[in-house]
Amino acid sequence: MFNKIKTNQLLAVFLVLLVAVLITAVGGNKKKTRSFLSELTDIDTSAVTALTIYSAGNEDPVVLERQGNNWVVVEGATTHNADNSQAEEMLNTLADLTSTRLAATEKDRWENYEVTDSLATRVEVKAGKKVAAELYIGKFSYSQPPQQAMSPYGGRQQGTMTSYVRLAGEKEIYAVEGFLRMMFNRSAGEFRDRTVLQVPRKEVSRIALQLPGEQFSLSRSENKWMVDGLMADSAAVAGYLSGLARLTSSAFLEDASLVSGTPTHTLLLEDANGARLGEVNAWFRDSTDIAITSSVNPGTIFDGTQNDLFEKVVQPRAAFLPGE
């Protein structure tokens, strides 16, 4: 009888403990164990409408807004086309932000990790009027790989870059992988779309150029290029197209009056069906005053005098003829 009572008591204690464990597992926060968060954000990237970045030392924030399938950089009352890949990379980084460890739990450690209001790069993610996430990005550290440490794929292992972040309204500081400050702490101009042309050169079958006093076209027949019916220098055409395939520039002009009236130079690229792949217009006033626009990046004006941009876009007919 005594053994039976003892067994029943032990069974009762076991059941109580089991219930307590189950309640903790089901009701507890899967992302949080005491004060440690593994997943720092919970963002539906498809619902995000804006990213606002407050950088230390910059008076005005950088605002990126989603407009349809594209992003724009907002500067005061003006907007510019943003680099979509940069915006999406930042958003995906925030959505997948996972901590590797808890670095500190006290407010008096904020300054040491540069996550205070004055030292941090603050990022606010909005979905409509709702703030989906807000965090402070602080300093970073770099850890060298152990001596003689080898990658399983051969070669030496890479070091570890660690950034420190704090969630708005919380004291804890978390360590995450990567150099987040470099990604987010940039000027508005660095987030702009720098694309002048981006065309699949193998699809280009016709190139039309219009210059003052000269107008001509190059057409491709199988693997041969012709200039107004004359055999072209295939190497010259290939080199020209290679330069246009992914042409970028970070030299922007803001005065819309620079592109008023009829352009002095025009480049048109078409495929075999006559569909336009890209068009570039230039307003050449002198060698120090050249404005360029592109159908690939509408609304943006580039400075054609910088980094030989004008020369990369506009070539005379003689440049494509053999022996010239």
# chains A, B, ... in the order shown; residues from 1 in each chain; ligands from 1
>>> closest_atom_pairs(of="region 167-198 of chain A", to="region 66-88 of chain A", cutoff="12 Å", atoms="only C-alpha atoms", output="tab-separated table")
residue	atom	partner	partner_atom	distance
A:Met183	CA	A:Gln86	CA	8.6
A:Phe184	CA	A:Gln86	CA	9.6
A:Arg186	CA	A:Gln86	CA	11.3
A:Ser187	CA	A:Val73	CA	10.4
A:Ala188	CA	A:Val73	CA	6.8
A:Gly189	CA	A:Val73	CA	8.3
A:Glu190	CA	A:Asp83	CA	8.8
A:Phe191	CA	A:Ala82	CA	5.7
A:Arg192	CA	A:Ala82	CA	4.2
A:Asp193	CA	A:Asp83	CA	4.1
A:Arg194	CA	A:Asp83	CA	7.2
A:Thr195	CA	A:Asp83	CA	8.5
A:Val196	CA	A:Asn81	CA	12.0
>>> closest_residue(among="A:Ala47, A:Asn92, A:Ala282, A:Gly138", to="Leu211 (chain A)", atoms="only C-alpha atoms")
A:Ala282
>>> residues_around(residues="Leu230 (chain A)", least_positions_apart="4", cutoff="10 Å", atoms="only C-alpha atoms", output="number ranges by chain")
A: 218, 225-226, 321-322
>>> write_last_selection(atoms="N, CA and C atoms", output="CSV table (one decimal), in the first residue's frame")
chain,number,residue,atom,x,y,z
A,218,LEU,N,23.6,51.5,-87.8
A,218,LEU,CA,24.3,50.2,-88.0
A,218,LEU,C,23.2,49.1,-87.8
A,225,TRP,N,27.9,43.2,-89.0
A,225,TRP,CA,27.4,44.6,-88.8
A,225,TRP,C,27.6,45.4,-90.1
A,226,MET,N,26.6,46.2,-90.5
A,226,MET,CA,26.7,47.0,-91.7
A,226,MET,C,26.5,48.5,-91.2
A,321,LEU,N,33.9,52.2,-89.2
A,321,LEU,CA,34.3,51.8,-90.6
A,321,LEU,C,35.7,51.2,-90.5
A,322,PRO,N,36.0,50.1,-91.2
A,322,PRO,CA,37.3,49.5,-91.2
A,322,PRO,C,38.4,50.5,-91.6
>>> residues_around(residues="Glu111 (chain A)", least_positions_apart="2", cutoff="12 Å", atoms="only C-alpha atoms", output="ChimeraX atom specification")
/A:104,106-109,113-120,136-139,164-166,171,173
>>> write_last_selection(atoms="C-alpha atoms", output="compact mmCIF listing (two decimals), in the first residue's frame")
# COMPACT_ATOMS: atom_id res chain seq x y z
CA ALA A 104 24.73 44.06 -23.17
CA GLU A 106 22.13 47.99 -19.47
CA LYS A 107 21.49 51.51 -20.76
CA ASP A 108 24.86 52.74 -19.52
CA ARG A 109 26.48 50.51 -22.17
CA TYR A 113 28.29 50.32 -28.49
CA GLU A 114 27.24 53.58 -30.23
CA VAL A 115 23.50 52.86 -30.09
CA THR A 116 22.44 56.17 -28.51
CA ASP A 117 20.26 58.69 -30.36
CA SER A 118 23.28 60.84 -31.21
CA LEU A 119 25.73 58.09 -32.22
CA ALA A 120 23.59 55.45 -33.92
CA TYR A 136 19.49 51.70 -33.82
CA ILE A 137 22.59 50.50 -35.65
CA GLY A 138 25.77 51.05 -33.69
CA LYS A 139 29.44 50.27 -34.10
CA TYR A 164 25.62 45.98 -32.73
CA VAL A 165 21.97 47.01 -32.75
CA ARG A 166 19.28 48.05 -30.31
CA LYS A 171 17.64 48.44 -23.41
CA ILE A 173 22.07 45.44 -27.33
>>> atom_distance(atom1="CA of Arg220 (chain A)", atom2="CA of Glu279 (chain A)")
18.0 Å
>>> closest_residue(among="A:Ile207, A:Leu180, A:Leu253, A:Ile290", to="His265 (chain A)", atoms="only C-alpha atoms")
A:Ile290
>>> closest_residue(among="A:Val131, A:Val48, A:Leu309, A:Met161", to="Pro145 (chain A)", atoms="only C-alpha atoms")
A:Met161
>>> select_by_dssp(residues="region 68-268 of chain A", states="helix (DSSP H, G or I)", output="PyMOL selection string")
chain A and resi 84-95+107-113+180-184+188-191+201-203+234-245+256-259
